[in-house]
Amino acid sequence: NGYWGINDSAFFRFTAEQIAKQPQPFFTTVFNISTHYPYVIPEQYRSVFPKGNTAAAQSVSFMDRALQLFFEEAKKSSWYNNTLFVFTADHWNKEDPTLKADGSGVYQIPLFIYKPDGSLKQTINDLTDQVSIFPTLMQLTGYSKKFNSFGSSVLNNQPQRKWTVAVKQWPGLLLFTTTDTELYFDVSNDKISRVKFTAGAPVDTTATLKTARSFIQYYDYLFRNNKLADTNHLPH
């Protein structure tokens, strides 16, 4: 489209064609770009979809139509009814005035999972993050063997971990978020860079700081020793 890549309508058609060639089972990732700034859509569609109240509104309508056509095509395929569809984003939409432009607000993104048989009908409001998508999918697919993950399935009946992690400024600054704290951890200098208490009153950050250090040290150990896939070294 002259900016980021191929517009969604063309790319989704291409995606459907390529998936049809894949042996089953398969895992496919699709990164759409039409709803990314500067929200450019093909000229022939600019008079079809209304501009709406935000800069992104027209591109969202265009993407929605492209997605509809993709699913209409996908439904004809043998793999469709045996596939889980995951929808998420990489960062917030700055056009949404309800989201904060700093801290964890930058990481408030949609996450929903669709199963064609309609069996997934549940809203979960627990704190979660992108690294938890993987174990959630493993549970949904019935995978019972050991696997490495720093996340936690949102469908797990066990108590959920009460923190999330996000890359604030790679590679040196990570943001650890709990229900009442946003802790920015300076990885290079092994110290807290900044703390924001989102519930108002200051709280003890000792446990969050310990979590941050443990997460970084353990991931670094597994990565440096090529053990990320080694199930003898499962994260705790």
# chains A, B, ... in the order shown; residues from 1 in each chain; ligands from 1
>>> residues_around(residues="Ser77 in chain A", least_positions_apart="6", cutoff="12 Å", atoms="only C-alpha atoms", output="MDAnalysis selection string")
chainID A and resid 16:22 24 70:71 83
>>> residues_around(residues="Ala166 in chain A", least_positions_apart="6", cutoff="9 Å", atoms="only C-alpha atoms", output="MDAnalysis selection string")
chainID A and resid 104 107 129:130 174:177
>>> residues_around(residues="Ile133 in chain A", least_positions_apart="6", cutoff="10 Å", atoms="only C-alpha atoms", output="list in words")
Val86, Thr88, Leu111, Phe112, Ile113, Ser149, Gly151, Ser152, Ser153 and Val154 of chain A
>>> residues_around(residues="Tyr219 in chain A", least_positions_apart="5", cutoff="9 Å", atoms="only C-alpha atoms", output="ChimeraX atom specification")
/A:150,214,224,228,235
>>> write_last_selection(atoms="C-alpha atoms", output="short mmCIF file (atom, residue, chain, number, x, y, z; two decimals), in the first residue's frame")
data_model
loop_
_atom_site.label_atom_id
_atom_site.label_comp_id
_atom_site.auth_asym_id
_atom_site.auth_seq_id
_atom_site.Cartn_x
_atom_site.Cartn_y
_atom_site.Cartn_z
CA PHE A 150 6.47 -18.30 30.78
CA SER A 214 13.63 -14.13 38.53
CA ARG A 224 22.09 -18.68 26.58
CA LEU A 228 14.06 -22.89 25.88
CA PRO A 235 9.65 -22.12 34.30
#
>>> closest_residue(among="A:Phe185, A:Trp79, A:Asn232, A:Asn226", to="Arg213 in chain A", atoms="only C-alpha atoms")
A:Phe185
>>> closest_residue(among="A:Lys121, A:His91, A:Lys227, A:Lys210", to="His36 in chain A", atoms="only C-alpha atoms")
A:His91
>>> atom_distance(atom1="CA of Thr136 in chain A", atom2="CA of Ile109 in chain A")
16.8 Å
>>> residues_around(residues="Asp204 in chain A", least_positions_apart="4", cutoff="12 Å", atoms="only C-alpha atoms", output="ChimeraX atom specification")
/A:178,180-183,195-197,208-210
>>> residues_around(residues="Gly172 in chain A", least_positions_apart="4", cutoff="8 Å", atoms="only C-alpha atoms", output="number ranges by chain")
A: 186-188
>>> select_by_dssp(residues="range 6-233 of chain A", states="strand (DSSP E)", output="MDAnalysis selection string")
chainID A and resid 85:88 111:114 164:169 173:177 181:186 191:197
>>> atom_distance(atom1="CA of Ala207 in chain A", atom2="CA of Leu155 in chain A")
24.7 Å
>>> select_by_dssp(residues="range 1-227 of chain A", states="alpha helix (DSSP H)", output="MDAnalysis selection string")
chainID A and resid 8:19 57:74 133:140 206:224
>>> atom_distance(atom1="CA of Phe87 in chain A", atom2="CA of Thr29 in chain A")
10.2 Å
>>> closest_atom_pairs(of="range 21-87 of chain A", to="range 2-8 of chain A", cutoff="7 Å", atoms="only C-alpha atoms", output="CSV")
residue,atom,partner,partner_atom,distance
A:Asn32,CA,A:Asp8,CA,5.9
A:Ile33,CA,A:Trp4,CA,6.5
A:Ser34,CA,A:Asn7,CA,5.6
A:Ile41,CA,A:Asn7,CA,6.7
A:Met63,CA,A:Asp8,CA,6.1
A:Ala66,CA,A:Asp8,CA,6.2
>>> write_last_selection(atoms="N, CA and C atoms", output="CSV table (one decimal), in the first residue's frame")
chain,number,residue,atom,x,y,z
A,32,ASN,N,-1.9,-8.3,9.7
A,32,ASN,CA,-2.5,-7.4,8.8
A,32,ASN,C,-1.9,-6.0,9.1
A,33,ILE,N,-2.0,-5.1,8.0
A,33,ILE,CA,-1.4,-3.8,8.2
A,33,ILE,C,-2.3,-2.6,7.8
A,34,SER,N,-3.5,-2.9,7.3
A,34,SER,CA,-4.4,-1.8,6.8
A,34,SER,C,-4.9,-1.0,8.0
A,41,ILE,N,-6.1,2.6,2.8
A,41,ILE,CA,-6.8,1.5,2.1
A,41,ILE,C,-6.9,1.8,0.6
A,63,MET,N,-10.9,-3.6,6.9
A,63,MET,CA,-10.3,-4.8,7.4
A,63,MET,C,-11.4,-5.8,7.7
A,66,ALA,N,-12.6,-7.4,4.6
A,66,ALA,CA,-11.6,-8.3,4.1
A,66,ALA,C,-11.6,-9.6,5.0
